[in-house]
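Asks: If it helps, the file is called model09.txt and holds compact mmCIF, C-alpha atoms:
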```txt
# COMPACT_ATOMS: atom_id res chain seq x y z
CA MET T 274 89.58 129.76 127.02
CA SER T 275 86.70 128.74 124.84
CA ARG T 276 88.14 129.94 121.53
CA ALA T 277 88.97 127.38 118.90
CA THR T 278 92.71 127.03 118.48
CA VAL T 279 95.06 124.95 116.42
CA GLU T 280 98.18 124.66 118.51
CA LEU T 281 101.53 124.04 116.92
CA ASP T 282 103.53 122.36 119.58
CA PHE T 283 106.86 122.75 117.86
CA PHE T 284 109.09 121.20 120.41
CA GLY T 285 106.84 118.85 122.35
CA MET T 286 106.47 121.49 125.02
CA SER T 287 103.21 119.94 126.12
CA LYS T 288 105.11 116.84 127.23
CA GLU T 289 107.47 118.87 129.39
CA ASN T 290 104.73 121.05 130.78
CA SER T 291 102.20 118.27 131.27
CA SER T 292 101.54 119.33 134.81
CA SER T 293 100.65 122.85 133.78
CA SER T 294 98.77 122.03 130.58
CA SER T 295 95.50 122.81 132.24
CA LYS T 296 96.61 126.34 133.08
CA SER T 297 96.38 129.08 130.56
CA LYS T 298 99.37 129.17 128.22
CA PHE T 299 99.69 132.88 128.81
CA LEU T 300 100.72 132.42 132.44
CA ASN T 301 103.72 130.39 131.38
CA ARG T 302 104.60 132.58 128.46
CA GLN T 303 107.77 134.09 129.87
CA ARG T 304 109.28 130.76 130.84
CA SER T 305 108.24 128.96 127.67
CA PHE T 306 109.79 131.59 125.43
CA ARG T 307 113.15 131.04 127.05
CA ASP T 308 112.72 127.31 126.58
CA ILE T 309 111.69 127.81 123.00
CA GLN T 310 114.65 130.01 122.30
CA SER T 311 117.08 127.49 123.67
CA ALA T 312 115.39 124.75 121.69
CA ILE T 313 115.56 126.80 118.53
CA SER T 314 119.25 127.47 119.02
CA LYS T 315 119.73 123.73 118.57
CA MET T 316 117.82 123.70 115.31
CA ASN T 317 119.26 123.51 111.84
CA PRO T 318 120.22 127.07 110.86
CA GLU T 319 119.16 126.41 107.27
CA LEU T 320 115.58 125.98 108.44
CA LEU T 321 115.69 129.08 110.54
CA LYS T 322 116.72 131.26 107.62
CA SER T 323 113.41 130.95 105.89
CA VAL T 324 111.05 131.38 108.82
CA ILE T 325 109.28 134.64 109.58
CA ALA T 326 112.24 136.82 110.31
CA SER T 327 110.66 140.16 111.02
CA GLY T 328 112.06 140.28 114.51
CA SER T 329 115.20 138.31 113.80
CA ALA T 330 117.73 141.14 113.54
CA ALA T 331 116.31 142.89 116.59
CA SER T 332 115.87 139.64 118.53
CA ASN T 333 119.46 138.60 118.01
CA LYS T 334 120.53 141.60 119.96
CA SER T 335 118.17 141.06 122.87
CA THR T 336 119.38 138.81 125.65
CA PRO T 337 117.84 135.37 126.06
CA ASP T 338 116.98 136.24 129.65
CA ASN T 339 114.86 139.17 128.59
CA GLY T 340 111.61 137.69 129.71
CA ASN T 341 109.92 141.03 129.23
CA GLN T 342 110.07 140.69 125.49
CA MET T 343 106.58 139.32 125.39
CA SER T 344 105.15 140.42 128.68
CA SER T 345 101.97 141.68 127.09
CA ASN T 346 99.04 139.35 127.31
CA LYS T 347 97.56 140.55 124.05
CA SER T 348 97.64 138.32 121.01
CA PHE T 349 99.15 139.98 117.97
CA SER T 350 97.92 139.88 114.44
CA VAL T 351 101.38 141.02 113.28
CA PRO T 352 104.79 140.21 114.81
CA SER T 353 105.98 142.68 117.43
CA THR T 354 108.87 144.39 115.58
CA PRO T 355 107.42 145.63 112.34
CA LYS T 356 110.40 147.77 111.37
CA GLN T 357 111.63 145.27 108.87
CA GLU T 358 109.62 144.25 105.89
CA LEU T 359 107.63 141.12 106.47
CA PRO T 360 108.87 138.42 104.15
CA PRO T 361 106.26 136.40 102.29
CA PHE T 362 104.99 133.50 104.33
CA PRO T 363 107.84 131.02 104.28
CA ALA T 364 108.41 127.40 105.19
CA LEU T 365 108.10 126.39 108.82
CA PRO T 366 110.32 124.29 111.01
CA VAL T 367 109.27 120.99 112.59
CA TYR T 368 105.89 120.91 114.27
CA PHE T 369 103.57 118.56 116.11
CA PRO T 370 99.96 119.50 115.46
CA LEU T 371 97.43 119.24 118.27
CA PRO T 372 94.00 119.99 116.77
CA ARG T 373 91.42 120.84 119.37
CA LEU T 374 88.17 121.34 117.51
CA ASN T 375 86.86 120.03 114.22
CA LEU T 376 85.92 123.06 112.19
CA GLU T 377 82.86 121.73 110.37
CA ASN T 378 82.18 124.82 108.32
CA PRO T 379 84.98 125.19 105.75
CA LEU T 380 84.74 128.99 105.88
CA GLU T 381 85.09 129.20 109.64
CA THR T 382 88.46 130.55 110.67
CA ALA T 383 90.45 129.98 113.77
CA PRO T 384 93.69 131.50 115.04
CA LEU T 385 96.89 129.78 113.93
CA THR T 386 99.57 130.77 116.43
CA ILE T 387 103.24 130.47 115.53
CA PHE T 388 105.99 130.95 118.07
CA TYR T 389 109.41 131.65 116.69
CA ASN T 390 112.53 133.01 118.23
CA GLY T 391 110.75 135.11 120.81
CA THR T 392 108.12 136.48 118.46
CA VAL T 393 104.52 135.43 118.11
CA ALA T 394 102.41 135.57 115.00
CA VAL T 395 98.72 134.84 114.94
CA PHE T 396 96.91 134.27 111.67
CA ASP T 397 93.18 133.80 111.37
CA VAL T 398 92.81 131.03 108.84
CA PRO T 399 90.16 128.58 107.73
CA ARG T 400 90.85 124.92 108.29
CA ASP T 401 91.99 124.08 104.77
CA LYS T 402 94.54 126.91 104.76
CA ALA T 403 95.88 125.69 108.07
CA GLU T 404 96.21 122.21 106.63
CA ASN T 405 98.01 123.58 103.59
CA ILE T 406 100.43 125.42 105.84
CA LEU T 407 101.08 122.28 107.80
CA LYS T 408 101.59 120.33 104.59
CA LEU T 409 104.09 122.93 103.44
CA ALA T 410 105.93 122.62 106.70
CA GLU T 411 106.15 118.90 106.10
CA LYS T 412 107.41 119.33 102.59
CA GLY T 413 109.66 122.22 103.49
CA ILE T 414 109.12 124.06 100.23
CA SER T 415 107.88 127.49 99.28
CA LYS T 416 104.32 127.73 98.07
CA THR T 417 105.21 130.02 95.19
CA VAL T 418 106.41 127.31 92.83
CA VAL T 419 105.03 128.00 89.38
CA GLU T 420 104.65 125.24 86.84
CA PRO T 421 106.32 126.20 83.54
CA VAL T 422 103.80 125.87 80.74
CA ALA T 423 105.17 125.66 77.22
CA ASP T 424 101.96 125.71 75.20
CA PRO T 425 99.33 128.42 75.29
CA ARG T 426 96.43 127.33 77.48
CA THR T 427 92.86 128.28 77.77
CA ASP T 428 91.60 129.55 81.09
CA HIS T 429 89.96 126.28 81.90
CA GLN T 430 92.98 124.22 81.04
CA GLN T 431 95.18 126.51 83.10
CA LYS T 432 92.96 125.95 86.13
CA LEU T 433 93.07 122.26 85.41
CA LEU T 434 96.85 122.28 85.31
CA GLU T 435 97.01 124.14 88.58
CA SER T 436 94.63 121.69 90.13
CA LEU T 437 96.96 118.83 89.28
CA ASP T 438 99.39 119.89 91.97
CA GLY T 439 102.02 117.93 93.80
CA ASP T 440 105.38 117.37 92.24
CA LEU T 441 105.51 113.60 92.49
CA PRO T 442 102.94 112.11 90.10
CA ILE T 443 104.34 114.02 87.15
CA ALA T 444 104.00 111.14 84.68
CA ARG T 445 100.39 110.54 85.64
CA ARG T 446 99.60 114.22 85.46
CA LYS T 447 101.04 114.60 81.97
CA SER T 448 99.16 111.60 80.64
CA LEU T 449 95.95 112.88 82.17
CA GLN T 450 96.53 116.30 80.70
CA ARG T 451 97.06 114.84 77.24
CA PHE T 452 93.98 112.68 77.58
CA LEU T 453 91.79 115.65 78.46
CA GLU T 454 93.26 117.78 75.67
CA LYS T 455 92.66 115.08 73.12
CA ARG T 456 89.04 114.89 74.21
CA LYS T 457 88.58 118.62 73.75
CA GLU T 458 89.88 118.39 70.22
CA ARG T 459 87.03 116.18 69.16
CA MET X 244 93.81 114.26 104.81
CA GLY X 245 90.09 113.78 104.49
CA GLU X 246 90.49 112.80 100.85
CA LYS X 247 92.19 109.52 101.68
CA PHE X 248 89.30 108.43 103.82
CA TRP X 249 86.53 106.63 101.94
CA VAL X 250 82.97 106.84 103.25
CA LYS X 251 80.63 103.93 102.68
CA GLU X 252 78.90 105.42 99.66
CA GLU X 253 82.18 106.20 97.94
CA LYS X 254 83.45 102.72 98.53
CA GLY X 255 80.20 101.19 97.28
CA MET X 256 80.34 103.21 94.08
CA ALA X 257 83.96 102.36 93.50
CA GLU X 258 83.35 98.67 94.05
CA SER X 259 80.52 98.66 91.53
CA VAL X 260 82.84 100.00 88.86
CA LEU X 261 86.23 98.60 89.84
CA GLY X 262 85.34 95.42 91.65
CA VAL X 263 85.99 94.77 95.32
CA GLU X 264 89.62 93.68 95.00
CA ALA X 265 90.71 96.57 92.80
CA CYS X 266 88.96 98.99 95.13
CA GLU X 267 90.75 97.56 98.17
CA PHE X 268 94.05 97.67 96.37
CA LEU X 269 93.68 101.32 95.37
CA ILE X 270 92.51 102.49 98.78
CA THR X 271 95.47 100.79 100.43
CA SER X 272 97.85 102.00 97.75
CA ALA X 273 96.78 105.63 98.14
CA SER X 274 97.64 105.59 101.79
CA LYS X 275 101.09 104.13 101.16
CA ASN X 276 102.22 106.95 98.93
CA LEU X 277 104.42 104.70 96.86
CA LEU X 278 105.82 107.41 94.62
CA ASN X 279 107.77 108.76 97.57
CA ASP X 280 109.59 105.46 97.80
CA LEU X 281 110.84 105.29 94.22
CA VAL X 282 114.57 105.30 93.63
CA SER X 283 114.03 106.88 90.22
CA PRO X 284 110.63 108.49 89.60
CA PRO X 285 109.40 108.55 85.99
CA VAL X 286 110.29 111.96 84.55
CA ASN X 287 110.84 112.99 80.93
CA LEU X 288 110.42 109.51 79.58
CA GLY X 289 110.19 110.68 75.98
CA VAL X 290 108.08 107.74 74.83
CA GLN X 291 104.96 109.61 73.79
CA GLN X 292 105.93 109.73 70.11
CA GLY X 293 106.74 106.04 69.99
CA LEU X 294 103.51 105.16 71.70
CA GLY X 295 101.67 107.27 69.17
CA LYS X 296 103.20 105.30 66.33
CA ILE X 297 101.92 102.06 67.78
CA VAL X 298 98.40 103.26 68.30
CA GLU X 299 97.77 105.42 65.26
CA GLY X 300 95.81 103.62 62.59
CA SER X 301 95.87 100.40 64.59
CA HIS X 302 93.18 98.45 66.35
CA TRP X 303 94.75 99.02 69.75
CA ASN X 304 92.49 100.98 72.06
CA TYR X 305 95.23 101.87 74.46
CA VAL X 306 98.92 101.53 75.05
CA ILE X 307 100.52 102.00 78.46
CA PHE X 308 104.17 102.21 79.28
CA TRP X 309 104.76 100.84 82.76
CA TYR X 310 107.96 102.24 84.15
CA ALA X 311 110.20 100.08 86.35
CA SER X 312 111.91 101.59 89.35
CA GLY X 313 113.63 100.27 92.41
CA LEU X 314 112.11 101.01 95.80
CA LYS X 315 114.10 102.61 98.55
CA SER X 316 112.52 100.10 100.89
CA GLY X 317 113.64 97.21 98.70
CA GLY X 318 112.38 95.37 95.64
CA SER X 319 111.18 97.00 92.46
CA VAL X 320 107.86 98.07 91.10
CA LEU X 321 106.15 99.09 87.89
CA VAL X 322 104.34 102.42 87.95
CA TRP X 323 102.53 104.51 85.38
CA GLY X 324 104.98 106.00 82.89
CA ASP X 325 102.88 107.23 79.98
CA GLY X 326 100.02 106.13 77.77
CA ILE X 327 97.61 106.83 74.97
CA CYS X 328 93.93 106.00 74.86
CA GLN X 329 92.15 105.59 71.57
CA ASP X 330 88.48 104.86 71.85
CA PRO X 331 86.14 105.74 69.00
CA LYS X 332 83.24 105.45 71.42
CA GLY X 333 84.85 107.68 73.97
CA GLY X 334 85.34 111.38 74.49
CA GLY X 335 81.67 112.06 74.88
CA VAL X 336 81.42 112.22 71.08
CA VAL X 337 78.57 109.76 70.99
CA HIS X 338 75.85 111.26 73.09
CA GLY X 339 75.37 108.80 75.88
CA SER X 340 78.21 106.31 76.03
CA THR X 341 77.55 102.74 75.19
CA SER X 342 78.98 99.95 77.23
CA ALA X 343 80.57 96.80 75.85
CA ASP X 344 77.30 95.04 75.21
CA GLY X 345 75.97 97.95 73.19
CA GLU X 346 73.41 99.03 75.75
CA LEU X 347 72.92 102.72 76.27
CA GLU X 348 74.23 103.71 79.65
CA GLY X 349 72.02 105.23 82.26
CA VAL X 350 72.71 108.64 83.74
CA GLU X 351 73.35 106.91 87.01
CA LYS X 352 76.25 104.86 85.75
CA ARG X 353 77.87 107.88 84.13
CA LYS X 354 77.57 109.80 87.37
CA VAL X 355 79.10 106.94 89.29
CA LYS X 356 82.08 106.70 86.96
CA LYS X 357 82.69 110.41 87.26
CA CYS X 358 82.45 110.26 91.06
CA VAL X 359 84.86 107.39 91.26
CA LEU X 360 87.41 109.15 89.04
CA ARG X 361 87.07 112.29 91.07
CA LYS X 362 87.56 110.43 94.32
CA LEU X 363 90.61 108.57 93.02
CA HIS X 364 92.09 111.84 91.80
CA ALA X 365 91.55 113.52 95.16
CA CYS X 366 92.74 110.48 97.07
CA PHE X 367 96.01 110.08 95.20
CA ASN X 368 96.77 113.75 94.65
CA GLY X 369 95.63 114.98 98.04
CA SER X 370 93.22 117.61 96.85
CA ASP X 371 89.63 117.65 95.73
CA ASP X 372 88.64 120.18 93.12
CA GLY X 373 85.74 120.50 90.75
CA SER X 374 87.63 121.50 87.62
CA PHE X 375 89.14 118.06 87.12
CA ALA X 376 85.85 116.24 87.10
CA ALA X 377 84.15 118.88 85.00
CA SER X 378 85.64 117.44 81.81
CA LEU X 379 84.68 113.90 82.62
CA ASP X 380 80.94 113.88 82.17
CA GLU X 381 80.85 111.04 79.69
CA VAL X 382 83.59 108.52 80.11
CA SER X 383 83.45 105.31 78.13
CA ASP X 384 84.35 102.01 79.77
CA VAL X 385 87.58 101.84 77.79
CA GLU X 386 88.45 105.32 79.00
CA MET X 387 87.46 104.40 82.54
CA PHE X 388 89.84 101.46 82.39
CA TYR X 389 92.61 103.66 81.03
CA LEU X 390 92.19 106.47 83.54
CA THR X 391 91.92 104.13 86.50
CA SER X 392 95.01 102.21 85.39
CA MET X 393 97.05 105.32 86.13
CA TYR X 394 96.73 104.60 89.82
CA PHE X 395 97.81 100.98 89.64
CA THR X 396 101.26 99.66 90.44
CA PHE X 397 102.71 96.19 90.05
CA ARG X 398 105.43 94.52 92.00
CA CYS X 399 108.08 93.07 89.73
CA ASP X 400 107.91 89.74 91.49
CA SER X 401 104.19 89.24 90.88
CA ALA X 402 102.74 86.34 88.95
CA TYR X 403 100.42 88.42 86.79
CA GLY X 404 100.30 91.07 84.16
CA PRO X 405 103.10 93.58 83.69
CA GLY X 406 105.05 92.39 86.73
CA GLU X 407 105.22 88.87 85.43
CA ALA X 408 106.34 89.95 81.96
CA PHE X 409 109.03 92.13 83.46
CA LYS X 410 110.28 89.38 85.69
CA SER X 411 110.37 86.69 83.01
CA GLY X 412 111.52 88.96 80.20
CA ARG X 413 109.04 87.23 77.90
CA PRO X 414 106.03 88.86 76.25
CA THR X 415 102.47 87.80 77.02
CA TRP X 416 99.94 87.81 74.20
CA ALA X 417 96.34 86.90 75.01
CA SER X 418 93.78 87.18 72.23
CA SER X 419 90.61 85.85 73.77
CA MET X 420 88.47 87.57 76.38
CA ALA X 421 88.76 84.72 78.85
CA SER X 422 92.54 84.63 78.90
CA CYS X 423 92.64 88.42 78.91
CA LEU X 424 90.66 88.64 82.10
CA ASP X 425 93.10 86.26 83.68
CA HIS X 426 96.02 88.49 82.85
CA TYR X 427 94.24 91.68 83.86
CA HIS X 428 93.98 90.33 87.39
CA LEU X 429 92.85 93.16 89.68
CA ARG X 430 91.73 95.21 86.69
CA SER X 431 89.62 92.41 85.24
CA VAL X 432 86.30 93.95 86.29
CA LEU X 433 87.21 97.16 84.51
CA ALA X 434 88.53 95.19 81.55
CA ARG X 435 85.37 93.17 81.24
CA SER X 436 83.25 96.31 81.24
CA ALA X 437 85.50 97.74 78.55
CA GLY X 438 85.21 94.55 76.54
CA PHE X 439 88.86 93.90 75.84
CA GLN X 440 89.57 90.79 73.81
CA THR X 441 93.30 91.20 73.39
CA VAL X 442 95.98 92.19 75.85
CA VAL X 443 99.72 92.19 75.36
CA PHE X 444 102.47 92.71 77.92
CA LEU X 445 105.81 93.39 76.32
CA PRO X 446 108.96 93.76 78.42
CA VAL X 447 111.11 96.57 77.03
CA LYS X 448 113.98 98.71 78.15
CA SER X 449 113.18 100.08 81.64
CA GLY X 450 109.65 98.75 81.78
CA VAL X 451 106.74 96.99 80.18
CA LEU X 452 104.45 98.00 77.34
CA GLU X 453 100.83 97.04 77.72
CA LEU X 454 98.41 97.11 74.81
CA GLY X 455 94.75 96.27 74.73
CA SER X 456 92.01 96.07 72.16
CA VAL X 457 88.31 95.33 72.08
CA LYS X 458 89.05 93.36 68.94
CA SER X 459 90.71 89.98 68.89
CA ILE X 460 94.16 90.49 67.42
CA PRO X 461 96.06 87.25 66.93
CA GLU X 462 99.81 87.25 67.43
CA GLU X 463 101.84 86.92 64.30
CA HIS X 464 105.44 85.81 64.09
CA ASP X 465 106.80 89.33 63.89
CA SER X 466 104.15 91.20 65.91
CA VAL X 467 106.37 91.67 68.91
CA GLU X 468 109.35 92.86 66.89
CA LYS X 469 107.24 95.39 65.03
CA LEU X 470 105.93 96.81 68.25
CA LYS X 471 109.35 97.12 69.79
CA ARG X 472 110.68 98.87 66.74
CA SER X 473 107.87 101.41 66.87
CA VAL X 474 108.76 102.63 70.29
CA TRP X 475 112.48 102.22 70.55
CA GLY X 476 113.49 102.31 66.95
CA PHE X 477 115.32 99.00 67.03
```
Taking this structure as input, can you express it in the form of structure tokens?
Replies:
Amino acid sequence: MSRATVELDFFGMSKENSSSSSKSKFLNRQRSFRDIQSAISKMNPELLKSVIASGSAASNKSTPDNGNQMSSNKSFSVPSTPKQELPPFPALPVYFPLPRLNLENPLETAPLTIFYNGTVAVFDVPRDKAENILKLAEKGISKTVVEPVADPRTDHQQKLLESLDGDLPIARRKSLQRFLEKRKER
Amino acid sequence: MGEKFWVKEEKGMAESVLGVEACEFLITSASKNLLNDLVSPPVNLGVQQGLGKIVEGSHWNYVIFWYASGLKSGGSVLVWGDGICQDPKGGGVVHGSTSADGELEGVEKRKVKKCVLRKLHACFNGSDDGSFAASLDEVSDVEMFYLTSMYFTFRCDSAYGPGEAFKSGRPTWASSMASCLDHYHLRSVLARSAGFQTVVFLPVKSGVLELGSVKSIPEEHDSVEKLKRSVWGF
């Protein structure tokens, strides 16, 4: 395959399948899904709750040996059981990133493939979005955290506030904010 | 990811403004992500009003409250808590900032300062965006010192500056440029550019107050007490 991919090797599968890493992933799909499912069953249930769960209710009912779940060789842009409403993109479980290509052009997108509980989701994202997703997975938080703003802000200041993201350097951020406001007042 | 990596030009620019040692310190510090290691991160300190009382109508150009916290990995450290900067020459009010020796700054130097601030911001906050730097077209040397200080940390067992004051429990008051530069240690290049002639490190509850002025302010018998009362009301 010559397509650019960012592979999320959740469970170190590449170590176990080192002998077959040169073969196409699709050939081993049936076996690896079973392995993935058994690995996931050992995961923290709290984590699992917030992952893409579109197929979760249906998947729970299917047997783990049902290797035909994903027998199609197509890649999906949407998970395979769309009956349930897709939740907003949530936090991800543990991953081990294996970047293949450096995407030089920031607008260039590449498929981000996520395997979870027998379903596959493929998202075409640019590199920075992929990095953000990976960062979120590390932090384990939802991206929709909104900073409460007490005072009325101008458009520019609002953008500035949003740009000062990250919840750790709060003290620094506040001081910086005050500094910039004071300057504007002059 | 990419923000924490410094290319040669960025490093060169930073060294010209910060000095080699400060630059090394900050680059290393950014990669360590110290704030993750704090036992008690500085939140809702409530000192802004007190700091304002110290600075307002005084000759102090800045006041910084360094906040002391234990480290999960052991030891304790002083990190940025809060601060106020008061520079009559700053804020881009005077068209074309002047440096300490009164010379009009070149466009080049102003660009460099802005680049360095932008890089530090991206490096420590993990994101690079234009809107932050947009407001920082004309930064005075005092302001440059103040803004850069935000990224510094001091071990409480150090022999200099805020760390030393915290450890000994005794205030430091230096009112000549030469002794100031000594106490500023890694920030001495920035301090010299800013032209500080007085620096004070004052150990207080849960941290250290630092004050600086481009004027020489001699210590009087009750200076320290007055300052403490301003912030903590005792």
Asks: Rounded to one decimal in Å, what is the spacing between CA of Gly412 (chain X) and CA of Arg445 (chain T)?
Replies: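 CA of Arg445 (chain T) lies at a distance of 24.9 Å from CA of Gly412 (chain X).
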Asks: From the options X:Ser431, X:Gln440, X:Ser283, X:Gln292, which residue's atoms come nearest to Ala265 (chain X), counting all atoms listed in the file?
Replies: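 Nearest to Ala265 (chain X): X:Ser431.
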Asks: Skipping near chain neighbours, those fewer than 6 positions away, what residues fall within 9 Å of region 417-421 of chain X using all atoms listed in the file, listed as a PDB file with C-alpha atoms, in the frame of the given file?
Replies:
```pdb
ATOM      1  CA  ARG X 435      85.370  93.170  81.240  1.00  0.00           C
ATOM      2  CA  GLY X 438      85.210  94.550  76.540  1.00  0.00           C
ATOM      3  CA  PHE X 439      88.860  93.900  75.840  1.00  0.00           C
ATOM      4  CA  GLN X 440      89.570  90.790  73.810  1.00  0.00           C
ATOM      5  CA  THR X 441      93.300  91.200  73.390  1.00  0.00           C
ATOM      6  CA  VAL X 442      95.980  92.190  75.850  1.00  0.00           C
ATOM      7  CA  VAL X 443      99.720  92.190  75.360  1.00  0.00           C
ATOM      8  CA  PHE X 444     102.470  92.710  77.920  1.00  0.00           C
ATOM      9  CA  VAL X 457      88.310  95.330  72.080  1.00  0.00           C
ATOM     10  CA  LYS X 458      89.050  93.360  68.940  1.00  0.00           C
ATOM     11  CA  SER X 459      90.710  89.980  68.890  1.00  0.00           C
ATOM     12  CA  ILE X 460      94.160  90.490  67.420  1.00  0.00           C
ATOM     13  CA  PRO X 461      96.060  87.250  66.930  1.00  0.00           C
ATOM     14  CA  GLU X 462      99.810  87.250  67.430  1.00  0.00           C
TER      15      GLU X 462
END
```
Asks: Using all atoms listed in the file, find all polymer residues with an atom at most 6 Å away from the point (104.1, 100.5, 84.9); report them as an MDAnalysis selection string.
Replies: chainID X and resid 308:310 321:324
Asks: May I have the residues at most 12 Å from (101.9, 89.5, 91.7) in the file's coordinates, counting all atoms listed in the file, as a list in words?
Replies: Ser319, Val320, Leu321, Thr396, Phe397, Arg398, Cys399, Asp400, Ser401, Ala402, Tyr403, Gly404, Pro405, Gly406, Glu407, Ala408, Phe409, Lys410, His426, Tyr427, His428 and Leu429 of chain X
Asks: Quote the spacing between CA of Ser436 (chain X) and CA of Asp384 (chain X) in Å to one decimal place.
Replies: 6.0 Å
Asks: List the neighbours of Lys471 (chain X) out to 10 Å using all atoms listed in the file; skip same-chain residues closer than 5 positions along the sequence, and give me the result as a list of chain:residue names.
Replies: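 Here the qualifying residues turn out to be X:Gly293, X:Ile297, X:Leu445, X:Pro446, X:Val447, X:Lys448, X:Leu452, X:Ser466, X:Gly476, X:Phe477.
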Asks: Report, in Å to a single decimal, how far apart CA of Gly450 (chain X) and CA of Cys366 (chain X) are.
Replies: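 Going from CA of Cys366 (chain X) over to CA of Gly450 (chain X), I get 25.6 Å.
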Asks: So which residues touch Ala444 (chain T) within 9 Å, counting all atoms listed in the file, skipping near sequence neighbours fewer than 2 positions away, as a ChimeraX atom specification?
Replies: /T:441-442,446-449 /X:284-288,323-325
Asks: Which is closest to chain T among X:Val432, X:Met387, X:Leu424, X:Cys328, if we use all atoms listed in the file?
Replies: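 Closest residue, counting all atoms listed in the file: X:Cys328.
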Asks: Just checking: using only C-alpha atoms, which residue out of T:Glu411, T:Phe388, T:Glu404, T:Phe396 ends up closest to chain X?
Replies: T:Glu404
